[in-house]
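Data from data-v4.csv: CSV, C-alpha atoms
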```
chain,number,residue,atom,x,y,z
H,1,MET,CA,-6.9,-30.7,5.1
H,2,GLY,CA,-9.2,-28.9,2.7
H,3,PHE,CA,-10.1,-26.4,5.3
H,4,THR,CA,-6.5,-25.7,6.0
H,5,TYR,CA,-6.0,-24.7,2.4
H,6,GLN,CA,-9.1,-22.5,2.5
H,7,ALA,CA,-7.9,-20.7,5.6
H,8,LEU,CA,-4.4,-20.1,4.2
H,9,ALA,CA,-5.9,-18.9,0.9
H,10,VAL,CA,-8.2,-16.5,2.8
H,11,ILE,CA,-5.2,-15.1,4.7
H,12,ALA,CA,-3.2,-14.6,1.5
H,13,LEU,CA,-6.1,-13.1,-0.3
H,14,VAL,CA,-6.7,-10.5,2.5
H,15,LEU,CA,-3.0,-9.7,2.7
H,16,LEU,CA,-3.0,-8.9,-1.0
H,17,VAL,CA,-6.5,-7.7,-1.9
H,18,VAL,CA,-6.9,-5.1,0.8
H,19,PRO,CA,-3.6,-3.2,0.0
H,20,LEU,CA,-4.4,-3.6,-3.7
H,21,VAL,CA,-7.7,-1.9,-3.4
H,22,SER,CA,-6.1,0.8,-1.3
H,23,LEU,CA,-3.3,1.2,-3.9
H,24,GLY,CA,-5.8,1.4,-6.8
H,25,GLY,CA,-7.9,4.0,-5.0
H,26,ALA,CA,-4.9,6.1,-4.0
H,27,ALA,CA,-3.5,6.0,-7.6
H,28,ALA,CA,-6.8,7.1,-9.0
H,29,ARG,CA,-7.1,10.0,-6.5
H,30,LEU,CA,-3.5,11.0,-7.0
H,31,SER,CA,-4.1,11.1,-10.8
H,32,ALA,CA,-7.2,13.2,-10.2
H,33,ARG,CA,-5.5,15.6,-7.8
H,34,ARG,CA,-2.7,16.3,-10.3
H,35,ARG,CA,-5.4,17.8,-12.5
H,36,ASP,CA,-6.7,20.1,-9.7
H,37,ASP,CA,-5.0,23.2,-11.0
H,38,ARG,CA,-6.3,22.8,-14.6
H,39,LEU,CA,-9.8,21.9,-13.5
H,40,ALA,CA,-9.9,24.7,-10.9
H,41,THR,CA,-8.9,27.1,-13.6
H,42,LEU,CA,-11.9,25.9,-15.6
H,43,ARG,CA,-14.1,26.5,-12.6
H,44,LEU,CA,-12.8,30.1,-12.3
H,45,LEU,CA,-13.5,30.6,-16.0
H,46,GLY,CA,-17.1,29.7,-15.5
H,47,ALA,CA,-17.3,25.9,-15.9
H,48,THR,CA,-20.0,24.3,-13.8
H,49,PRO,CA,-19.3,21.8,-11.0
H,50,ALA,CA,-21.1,19.2,-13.1
H,51,THR,CA,-18.7,19.8,-16.1
H,52,VAL,CA,-15.6,19.7,-13.9
H,53,SER,CA,-16.7,16.5,-12.2
H,54,ALA,CA,-17.6,14.9,-15.5
H,55,LEU,CA,-14.2,15.6,-17.0
H,56,ALA,CA,-12.4,14.2,-14.0
H,57,VAL,CA,-14.6,11.1,-13.8
H,58,ILE,CA,-14.5,10.3,-17.6
H,59,GLU,CA,-10.7,10.8,-17.9
H,60,SER,CA,-10.0,8.7,-14.8
H,61,ALA,CA,-12.4,6.0,-15.7
H,62,VAL,CA,-11.1,5.7,-19.3
H,63,LEU,CA,-7.5,5.5,-18.3
H,64,ALA,CA,-8.4,2.9,-15.6
H,65,LEU,CA,-10.4,0.9,-18.1
H,66,VAL,CA,-7.5,0.8,-20.6
H,67,GLY,CA,-5.1,-0.3,-17.9
H,68,ALA,CA,-7.4,-3.0,-16.6
H,69,VAL,CA,-7.9,-4.4,-20.1
H,70,LEU,CA,-4.1,-4.5,-20.5
H,71,GLY,CA,-3.9,-6.3,-17.2
H,72,VAL,CA,-6.4,-8.9,-18.3
H,73,ALA,CA,-4.2,-9.4,-21.4
H,74,VAL,CA,-1.1,-9.9,-19.3
H,75,HIS,CA,-3.0,-12.4,-17.1
H,76,LEU,CA,-3.9,-14.4,-20.2
H,77,ALA,CA,-0.3,-14.3,-21.4
H,78,LEU,CA,1.0,-15.6,-18.0
H,79,VAL,CA,-1.5,-18.4,-17.7
H,80,PRO,CA,0.8,-21.0,-19.2
H,81,ALA,CA,3.6,-20.1,-16.8
H,82,LEU,CA,1.3,-19.9,-13.7
H,83,ALA,CA,-0.2,-23.3,-14.7
H,84,LEU,CA,3.1,-25.0,-13.9
H,85,ILE,CA,3.0,-24.0,-10.2
H,86,GLU,CA,2.4,-27.1,-8.1
H,87,PHE,CA,-0.1,-27.5,-5.3
H,88,ARG,CA,-1.1,-30.8,-3.6
H,89,GLY,CA,1.6,-32.6,-5.5
H,90,GLU,CA,0.6,-31.6,-9.0
H,91,ALA,CA,0.6,-28.7,-11.4
H,92,LEU,CA,-2.4,-26.3,-11.1
H,93,GLY,CA,-3.1,-26.4,-14.9
H,94,ALA,CA,-4.7,-23.7,-17.0
H,95,ALA,CA,-8.1,-24.4,-15.5
H,96,GLY,CA,-6.7,-23.8,-12.0
H,97,VAL,CA,-5.4,-20.3,-12.7
H,98,LEU,CA,-7.6,-18.9,-15.5
H,99,LEU,CA,-10.3,-16.7,-14.2
H,100,PRO,CA,-13.9,-17.4,-15.4
H,101,TRP,CA,-14.8,-15.4,-18.4
H,102,PRO,CA,-17.6,-13.4,-16.6
H,103,ALA,CA,-14.9,-12.2,-14.1
H,104,LEU,CA,-12.5,-11.3,-16.9
H,105,VAL,CA,-15.2,-9.2,-18.5
H,106,ALA,CA,-16.5,-7.6,-15.3
H,107,MET,CA,-13.1,-6.8,-13.8
H,108,PRO,CA,-12.1,-3.9,-16.1
H,109,PHE,CA,-15.5,-2.2,-15.5
H,110,GLY,CA,-15.1,-2.7,-11.8
H,111,VAL,CA,-11.7,-1.0,-11.9
H,112,ALA,CA,-13.0,1.8,-13.9
H,113,MET,CA,-15.9,2.3,-11.4
H,114,LEU,CA,-13.3,2.4,-8.5
H,115,ALA,CA,-11.3,5.0,-10.4
H,116,ALA,CA,-14.4,7.1,-11.1
H,117,VAL,CA,-15.5,7.1,-7.4
H,118,SER,CA,-11.9,7.9,-6.3
H,119,ALA,CA,-11.8,10.8,-8.8
H,120,VAL,CA,-15.0,12.3,-7.4
H,121,LEU,CA,-13.7,12.0,-3.9
H,122,GLY,CA,-10.3,13.5,-4.8
H,123,LEU,CA,-11.8,16.5,-6.6
H,124,ARG,CA,-14.4,17.6,-4.0
H,125,GLN,CA,-12.3,20.7,-3.1
H,126,VAL,CA,-12.1,21.7,-6.7
H,127,VAL,CA,-15.8,21.7,-7.0
H,128,ILE,CA,-16.4,23.5,-3.7
H,129,SER,CA,-13.6,26.1,-3.7
H,130,PRO,CA,-11.6,26.4,-6.9
H,131,LEU,CA,-9.8,29.6,-5.7
H,132,GLY,CA,-8.6,27.7,-2.6
H,133,VAL,CA,-7.3,24.9,-4.6
H,134,ARG,CA,-5.6,27.2,-7.1
H,135,THR,CA,-3.8,29.1,-4.4
H,136,LYS,CA,-3.2,26.0,-2.3
H,137,GLN,CA,-4.8,27.6,0.8
H,138,ASP,CA,-6.6,24.5,2.2
H,139,ALA,CA,-4.1,22.6,4.4
H,140,PRO,CA,-5.1,19.0,5.1
H,141,LYS,CA,-6.4,18.3,8.6
H,142,LEU,CA,-6.0,15.1,10.5
H,143,HIS,CA,-8.1,14.6,13.6
H,144,TRP,CA,-6.8,12.8,16.7
H,145,LEU,CA,-9.8,10.5,16.5
H,146,ARG,CA,-7.9,8.6,13.8
H,147,ILE,CA,-5.5,7.1,16.4
H,148,VAL,CA,-8.4,6.3,18.8
H,149,ILE,CA,-10.3,4.4,16.1
H,150,GLY,CA,-7.1,2.7,14.9
H,151,VAL,CA,-6.1,1.5,18.4
H,152,GLY,CA,-9.7,0.3,18.9
H,153,VAL,CA,-9.7,-1.7,15.7
H,154,ILE,CA,-6.3,-3.3,16.6
H,155,ILE,CA,-7.7,-4.3,20.0
H,156,VAL,CA,-10.8,-5.8,18.4
H,157,ALA,CA,-8.6,-7.7,15.9
H,158,PHE,CA,-6.5,-9.1,18.8
H,159,GLY,CA,-9.7,-10.2,20.6
H,160,VAL,CA,-11.1,-11.8,17.4
H,161,MET,CA,-7.8,-13.8,16.9
H,162,SER,CA,-7.8,-14.8,20.5
H,163,ALA,CA,-11.3,-16.2,20.2
H,164,ILE,CA,-10.7,-18.0,16.9
H,165,GLN,CA,-10.1,-21.4,18.5
H,166,VAL,CA,-13.6,-21.5,20.0
H,167,ALA,CA,-15.3,-20.5,16.7
H,168,PRO,CA,-18.3,-22.8,16.2
H,169,THR,CA,-17.9,-23.4,12.4
H,170,ALA,CA,-15.3,-23.3,9.6
H,171,MET,CA,-17.1,-20.4,8.0
H,172,ALA,CA,-16.9,-18.5,11.3
H,173,ILE,CA,-13.1,-19.1,11.4
H,174,LEU,CA,-12.7,-17.8,7.9
H,175,ALA,CA,-14.8,-14.7,8.7
H,176,MET,CA,-12.7,-14.0,11.8
H,177,LEU,CA,-9.5,-14.3,9.8
H,178,VAL,CA,-10.8,-11.8,7.2
H,179,LEU,CA,-12.0,-9.4,9.9
H,180,GLY,CA,-8.7,-9.7,11.9
H,181,PHE,CA,-6.2,-9.3,9.1
H,182,GLY,CA,-8.3,-7.1,6.7
H,183,GLY,CA,-9.4,-4.7,9.5
H,184,THR,CA,-5.8,-4.3,10.7
H,185,LEU,CA,-4.5,-3.6,7.2
H,186,ALA,CA,-7.2,-1.1,6.5
H,187,VAL,CA,-6.8,0.8,9.7
H,188,LEU,CA,-3.0,1.3,9.0
H,189,ASN,CA,-4.1,3.7,6.3
H,190,LEU,CA,-6.1,5.6,8.9
H,191,ILE,CA,-3.5,6.0,11.6
H,192,GLY,CA,-0.4,6.1,9.4
H,193,PRO,CA,-0.7,9.8,8.2
H,194,TRP,CA,-1.6,11.0,11.8
H,195,VAL,CA,1.6,9.3,13.3
H,196,ILE,CA,3.7,10.6,10.4
H,197,ARG,CA,2.4,14.2,11.0
H,198,LEU,CA,3.1,14.0,14.7
H,199,VAL,CA,6.7,12.9,14.2
H,200,ALA,CA,7.3,15.5,11.4
H,201,ARG,CA,6.1,18.3,13.6
H,202,GLY,CA,8.7,17.5,16.2
H,203,GLN,CA,11.4,17.1,13.5
H,204,ALA,CA,10.5,20.6,12.1
H,205,GLY,CA,11.0,22.2,15.5
H,206,ARG,CA,14.4,20.5,15.9
H,207,ALA,CA,15.7,20.9,12.3
H,208,LYS,CA,19.2,22.4,12.1
H,209,THR,CA,19.9,22.1,8.4
H,210,PRO,CA,18.0,23.3,5.3
H,211,GLN,CA,17.3,19.7,4.1
H,212,ARG,CA,15.9,18.6,7.4
H,213,LEU,CA,13.6,21.6,7.7
H,214,LEU,CA,12.5,21.2,4.1
H,215,ALA,CA,11.9,17.5,4.6
H,216,ALA,CA,9.8,18.0,7.7
H,217,ARG,CA,7.8,20.8,6.1
H,218,THR,CA,7.2,18.7,3.0
H,219,VAL,CA,5.7,16.0,5.2
H,220,LEU,CA,3.6,18.5,7.2
H,221,GLU,CA,2.3,20.0,3.9
H,222,SER,CA,0.4,16.7,3.3
H,223,PRO,CA,0.8,13.8,5.6
H,224,LYS,CA,-1.5,11.7,3.5
H,225,ALA,CA,0.8,12.2,0.5
H,226,ALA,CA,3.8,11.3,2.6
H,227,TRP,CA,2.0,8.2,3.7
H,228,ARG,CA,1.2,7.2,0.1
H,229,GLN,CA,5.0,7.3,-0.6
H,230,VAL,CA,5.6,4.6,2.0
H,231,GLY,CA,2.2,3.0,2.5
H,232,GLY,CA,3.3,0.0,0.4
H,233,VAL,CA,6.0,-0.8,2.9
H,234,ALA,CA,3.3,-1.0,5.6
H,235,MET,CA,1.9,-3.9,3.7
H,236,THR,CA,5.3,-5.4,3.2
H,237,SER,CA,6.1,-5.1,7.0
H,238,PHE,CA,2.8,-6.8,7.8
H,239,MET,CA,3.7,-9.5,5.2
H,240,ALA,CA,7.1,-9.9,6.8
H,241,VAL,CA,5.8,-11.0,10.1
H,242,PHE,CA,3.3,-13.3,8.5
H,243,ALA,CA,6.0,-14.9,6.4
H,244,GLY,CA,8.5,-15.1,9.3
H,245,ALA,CA,5.9,-16.9,11.5
H,246,GLY,CA,5.0,-19.2,8.6
H,247,VAL,CA,8.6,-20.2,8.1
H,248,SER,CA,9.0,-21.0,11.8
H,249,VAL,CA,5.8,-23.1,11.7
H,250,LEU,CA,7.2,-25.0,8.7
H,251,GLY,CA,10.4,-25.7,10.4
H,252,ALA,CA,8.6,-27.2,13.3
H,253,LEU,CA,6.5,-29.4,11.0
H,254,GLU,CA,9.4,-30.6,8.8
H,255,SER,CA,10.3,-33.4,11.1
H,256,ASP,CA,6.9,-35.0,10.6
H,257,SER,CA,7.3,-38.1,8.4
H,258,ASP,CA,3.6,-38.1,7.2
H,259,ALA,CA,3.4,-37.8,3.4
H,260,ALA,CA,0.4,-35.6,3.5
H,261,MET,CA,2.1,-33.3,6.0
H,262,ARG,CA,5.1,-32.9,3.7
H,263,VAL,CA,2.9,-32.0,0.8
H,264,LEU,CA,1.2,-29.4,3.0
H,265,VAL,CA,4.5,-27.9,4.1
H,266,THR,CA,5.7,-27.6,0.5
H,267,ASP,CA,2.4,-25.9,-0.5
H,268,ILE,CA,2.6,-23.4,2.4
H,269,ARG,CA,6.1,-22.5,1.3
H,270,THR,CA,4.9,-22.0,-2.3
H,271,GLY,CA,2.0,-19.9,-1.0
H,272,ILE,CA,4.2,-17.7,1.1
H,273,LEU,CA,6.6,-17.1,-1.8
H,274,ILE,CA,3.8,-16.2,-4.1
H,275,THR,CA,2.2,-13.8,-1.6
H,276,VAL,CA,5.5,-12.1,-0.8
H,277,ILE,CA,6.3,-11.7,-4.6
H,278,GLY,CA,2.9,-10.3,-5.2
H,279,SER,CA,3.3,-7.8,-2.4
H,280,PHE,CA,6.7,-6.6,-3.7
H,281,LEU,CA,5.3,-6.1,-7.2
H,282,MET,CA,2.6,-3.8,-5.7
H,283,VAL,CA,5.1,-2.0,-3.6
H,284,ALA,CA,7.4,-1.4,-6.6
H,285,CYS,CA,4.5,0.0,-8.7
H,286,SER,CA,3.4,2.2,-5.8
H,287,VAL,CA,6.8,3.6,-5.1
H,288,GLY,CA,7.6,4.5,-8.7
H,289,VAL,CA,4.3,6.2,-9.5
H,290,ASN,CA,3.9,8.0,-6.2
H,291,GLN,CA,7.5,9.4,-6.1
H,292,ALA,CA,7.4,10.6,-9.7
H,293,ALA,CA,4.0,12.2,-9.2
H,294,GLY,CA,5.1,13.8,-5.9
H,295,ILE,CA,7.9,15.5,-7.7
H,296,LEU,CA,5.6,16.8,-10.5
H,297,ASP,CA,3.1,18.0,-7.9
H,298,ARG,CA,5.8,20.1,-6.2
H,299,GLY,CA,7.4,21.3,-9.5
H,300,GLU,CA,6.6,24.9,-8.8
H,301,LEU,CA,8.3,24.7,-5.4
H,302,TYR,CA,11.4,23.1,-6.8
H,303,ARG,CA,11.7,25.7,-9.5
H,304,SER,CA,11.4,28.4,-6.9
H,305,LEU,CA,14.1,26.9,-4.8
H,306,ASP,CA,16.3,26.6,-7.8
H,307,MET,CA,15.9,30.2,-8.7
H,308,LEU,CA,16.7,31.1,-5.1
H,309,GLY,CA,20.0,29.3,-5.4
H,310,MET,CA,19.3,26.0,-3.6
H,311,PRO,CA,21.4,23.2,-5.1
H,312,THR,CA,19.6,20.3,-6.6
H,313,ARG,CA,21.5,17.9,-4.3
H,314,THR,CA,20.0,19.7,-1.3
H,315,MET,CA,16.5,19.4,-2.7
H,316,ASP,CA,17.2,15.7,-3.4
H,317,ALA,CA,18.5,15.2,0.1
H,318,ALA,CA,15.4,16.8,1.6
H,319,ARG,CA,13.2,14.6,-0.7
H,320,ARG,CA,15.0,11.5,0.4
H,321,ARG,CA,14.6,12.4,4.1
H,322,ALA,CA,10.9,13.2,3.6
H,323,VAL,CA,10.5,9.7,2.4
H,324,MET,CA,12.9,7.6,4.4
H,325,SER,CA,12.0,9.1,7.8
H,326,PRO,CA,8.3,8.2,7.5
H,327,LEU,CA,9.5,4.9,6.0
H,328,ARG,CA,11.3,3.9,9.2
H,329,ILE,CA,8.2,4.7,11.3
H,330,THR,CA,6.0,2.8,8.9
H,331,ALA,CA,8.1,-0.3,8.7
H,332,ILE,CA,8.6,-0.7,12.5
H,333,GLY,CA,5.0,0.3,13.4
H,334,SER,CA,3.4,-2.0,10.9
H,335,ALA,CA,5.6,-5.0,11.9
H,336,VAL,CA,4.7,-4.4,15.6
H,337,THR,CA,1.0,-4.2,14.7
H,338,ALA,CA,1.2,-7.4,12.7
H,339,ALA,CA,3.0,-9.2,15.6
H,340,ILE,CA,0.2,-8.0,18.0
H,341,VAL,CA,-2.6,-9.3,15.8
H,342,MET,CA,-0.8,-12.6,15.1
H,343,LEU,CA,0.3,-13.3,18.7
H,344,PRO,CA,-2.9,-15.2,19.6
H,345,LEU,CA,-2.4,-17.5,16.6
H,346,THR,CA,1.3,-18.2,16.7
H,347,GLY,CA,2.5,-17.3,20.2
H,348,ALA,CA,5.5,-15.2,20.9
H,349,ALA,CA,8.0,-18.0,20.5
H,350,LEU,CA,7.4,-18.4,16.7
H,351,ILE,CA,7.4,-14.6,16.1
H,352,VAL,CA,10.8,-14.1,17.9
H,353,ALA,CA,12.4,-17.3,16.7
H,354,PRO,CA,15.7,-16.8,15.0
H,355,VAL,CA,14.5,-18.0,11.6
H,356,SER,CA,11.4,-15.9,11.8
H,357,LEU,CA,13.4,-12.7,12.8
H,358,LEU,CA,15.8,-13.4,9.9
H,359,VAL,CA,12.9,-13.6,7.4
H,360,ILE,CA,11.3,-10.5,8.8
H,361,ALA,CA,14.5,-8.6,8.6
H,362,GLY,CA,15.1,-9.8,5.0
H,363,VAL,CA,11.7,-8.8,3.8
H,364,LEU,CA,11.8,-5.4,5.5
H,365,ALA,CA,15.3,-4.8,4.0
H,366,ALA,CA,14.0,-5.7,0.5
H,367,GLY,CA,11.0,-3.3,1.0
H,368,ILE,CA,13.1,-0.4,2.1
H,369,GLY,CA,15.6,-1.2,-0.7
H,370,ILE,CA,12.8,-0.9,-3.3
H,371,VAL,CA,11.8,2.6,-1.9
H,372,TRP,CA,15.5,3.7,-2.0
H,373,LEU,CA,15.9,2.5,-5.6
H,374,GLY,CA,12.7,4.4,-6.4
H,375,LEU,CA,14.3,7.6,-5.0
H,376,VAL,CA,17.4,7.0,-7.1
H,377,ALA,CA,15.5,6.3,-10.2
H,378,THR,CA,13.4,9.5,-9.9
H,379,ARG,CA,16.3,11.8,-9.4
H,380,PRO,CA,16.3,12.8,-13.1
H,381,VAL,CA,12.6,13.8,-12.8
H,382,LEU,CA,13.6,16.1,-9.9
H,383,GLU,CA,16.4,17.7,-11.9
H,384,ARG,CA,14.0,18.4,-14.8
H,385,ALA,CA,11.4,19.8,-12.5
H,386,ALA,CA,13.9,22.1,-10.8
H,387,ALA,CA,15.2,23.3,-14.2
H,388,GLY,CA,11.7,24.1,-15.3
```

Go through the file and emit its structure as structure tokens.
Amino acid sequence: MGFTYQALAVIALVLLVVPLVSLGGAAARLSARRRDDRLATLRLLGATPATVSALAVIESAVLALVGAVLGVAVHLALVPALALIEFRGEALGAAGVLLPWPALVAMPFGVAMLAAVSAVLGLRQVVISPLGVRTKQDAPKLHWLRIVIGVGVIIVAFGVMSAIQVAPTAMAILAMLVLGFGGTLAVLNLIGPWVIRLVARGQAGRAKTPQRLLAARTVLESPKAAWRQVGGVAMTSFMAVFAGAGVSVLGALESDSDAAMRVLVTDIRTGILITVIGSFLMVACSVGVNQAAGILDRGELYRSLDMLGMPTRTMDAARRRAVMSPLRITAIGSAVTAAIVMLPLTGAALIVAPVSLLVIAGVLAAGIGIVWLGLVATRPVLERAAAG
């Protein structure tokens, strides 16, 4: 029974930590890239690459450190409420949810280090070619090898999950779970922008309205930025399949009259709920920050369109399409990928069971709804950017 809890904890940890690390790195790079123009101007005025890099790293690291310290404070404030959560028939207690003090101290510095590394990676073009950044001449390139690597990783993950039943030790099973789920989630960030660019290229060629053309060109301008807008839903889609299959498994186990089994079923339900809530919190943060920052990054474009006479509602319609179109691809593609990886563990019957499909549809609808609310909430930011 103890190993079952460990395996489920590893799955939940991978489903949350891998996207969280990706979100943290993307947020830091996004923050750094928004300073490209200012730092590129410093380079053109004679600032050395070392000075530009130092400014970017220090600013990103300090902001990340402050945010991480606030996060630790929130964690401490929530300990009494989290301690009431029940597992194995009793409340976890403060000792069960409070992180050790070395981890509480080290975590802010780890977050600051991640932000610093991400800032350096995000500002490589500023250091190398400030004029190219200033004039926005360097269009992002995505190689087709991304899709080859991505498909290869998914095939490997499927093979790993298929072989998990013959694993020699419990540690080997845990390692295979981490490799299967973690590798698949990580590779979604690799192939997602390439697929979005491919679809947007076709949409640009078929566009018959200004908003459709502007939306497609917005995605093609930076497929990676478009992916960041909807990448959180990729995690939610993956989570939806996991939760749906889990609910189906619980339904099959509920008829068991064994007391220990009933406790396990209750704990799995609690774990699924906590994992889904955690994923939605990350998606909500990602959506709000990325959409607001995306508008500010294109502020000059929106002001130019406004001066040319384009109505704000047309710009907003293009912005919504530039987000919702990749969103549909992301949601469906990530759910299918998750189903492929989980197929050896659960079988097709549990994934396509009515209860499972209902849960999957509900979680996906909630994730898409969060993105739509983020678009509505950031409409005033677009109006201010267009007005200049």

If you count only C-alpha atoms, which residues fall within 9 Å of H:Val79, apart from same-chain ones fewer than 5 positions away, as an NGL selection string?
:H and (74 or 84 or 93-94 or 97-98)

Just the selected residues (C-alpha atoms), exported as a short mmCIF file (atom, residue, chain, number, x, y, z; two decimals), in the coordinates of the input, please.
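Okay, part30.cif is ready:
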```cif
data_model
loop_
_atom_site.label_atom_id
_atom_site.label_comp_id
_atom_site.auth_asym_id
_atom_site.auth_seq_id
_atom_site.Cartn_x
_atom_site.Cartn_y
_atom_site.Cartn_z
CA VAL H 74 -1.10 -9.90 -19.30
CA LEU H 84 3.10 -25.00 -13.90
CA GLY H 93 -3.10 -26.40 -14.90
CA ALA H 94 -4.70 -23.70 -17.00
CA VAL H 97 -5.40 -20.30 -12.70
CA LEU H 98 -7.60 -18.90 -15.50
#
```

With all atoms listed in the file as the basis for distance, which of H:Leu65, H:Val287, H:Ala73, H:Val276 is at the shortest distance from H:Leu373?
H:Val287

Near stretch 278-283 of chain H, counting only C-alpha atoms, which residues have an atom at most 12 Å away, once you skip same-chain residues fewer than 2 positions from it, shown as JSON, numbers by chain?
{"H": [12, 13, 14, 15, 16, 17, 18, 19, 20, 21, 22, 23, 24, 27, 228, 229, 230, 231, 232, 233, 234, 235, 236, 237, 238, 239, 240, 243, 271, 272, 273, 274, 275, 276, 285, 286, 287, 288, 289, 290, 291, 363, 364, 365, 366, 367, 368, 369, 370, 371, 372, 373, 374]}

Extract, using only C-alpha atoms, all DNA, RNA and protein residues at most 12 Å from H:Ala317, discarding same-chain residues fewer than 4 positions from it, and format them as a ChimeraX atom specification.
/H:209-216,310-313,321-325,375-376,379,382

Would you put the residues from that selection into a file with C-alpha atoms, as an mmCIF file, in the coordinates of the input?
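Result file follows (part.cif):
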```cif
data_model
loop_
_atom_site.group_PDB
_atom_site.id
_atom_site.type_symbol
_atom_site.label_atom_id
_atom_site.label_comp_id
_atom_site.auth_asym_id
_atom_site.auth_seq_id
_atom_site.Cartn_x
_atom_site.Cartn_y
_atom_site.Cartn_z
ATOM 1 C CA THR H 209 19.900 22.100 8.400
ATOM 2 C CA PRO H 210 18.000 23.300 5.300
ATOM 3 C CA GLN H 211 17.300 19.700 4.100
ATOM 4 C CA ARG H 212 15.900 18.600 7.400
ATOM 5 C CA LEU H 213 13.600 21.600 7.700
ATOM 6 C CA LEU H 214 12.500 21.200 4.100
ATOM 7 C CA ALA H 215 11.900 17.500 4.600
ATOM 8 C CA ALA H 216 9.800 18.000 7.700
ATOM 9 C CA MET H 310 19.300 26.000 -3.600
ATOM 10 C CA PRO H 311 21.400 23.200 -5.100
ATOM 11 C CA THR H 312 19.600 20.300 -6.600
ATOM 12 C CA ARG H 313 21.500 17.900 -4.300
ATOM 13 C CA ARG H 321 14.600 12.400 4.100
ATOM 14 C CA ALA H 322 10.900 13.200 3.600
ATOM 15 C CA VAL H 323 10.500 9.700 2.400
ATOM 16 C CA MET H 324 12.900 7.600 4.400
ATOM 17 C CA SER H 325 12.000 9.100 7.800
ATOM 18 C CA LEU H 375 14.300 7.600 -5.000
ATOM 19 C CA VAL H 376 17.400 7.000 -7.100
ATOM 20 C CA ARG H 379 16.300 11.800 -9.400
ATOM 21 C CA LEU H 382 13.600 16.100 -9.900
#
```

Could you please determine the separation between atom CA of H:Phe87 and atom CA of H:Arg269 in Å, to one decimal place?
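According to the coordinates, atom CA of H:Phe87 and atom CA of H:Arg269 are separated by 10.3 Å.
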
H:Ile191, H:Val355, H:Leu99, H:Met315: which is nearest H:Val148, counting all atoms listed in the file?
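The shortest atom-to-atom distance to H:Val148 comes from H:Ile191.
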
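The smallest atom-to-atom distance between H:Glu86 and any of H:His143, H:Ala318, H:Asp306, H:Val263, using all atoms listed in the file, is found for H:Val263.
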
Ranking H:Leu177, H:Ile268, H:Leu358, H:Leu296 by minimum distance to H:Phe158 and counting all atoms listed in the file, which one comes first?
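Looking only at the distances to H:Phe158, the closest residue turns out to be H:Leu177.
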
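Here atom CA of H:Val359 stands at a distance of 26.1 Å from atom CA of H:Ile196.
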
A straight line from atom CA of H:Ala54 to atom CA of H:Val111 spans 17.3 Å
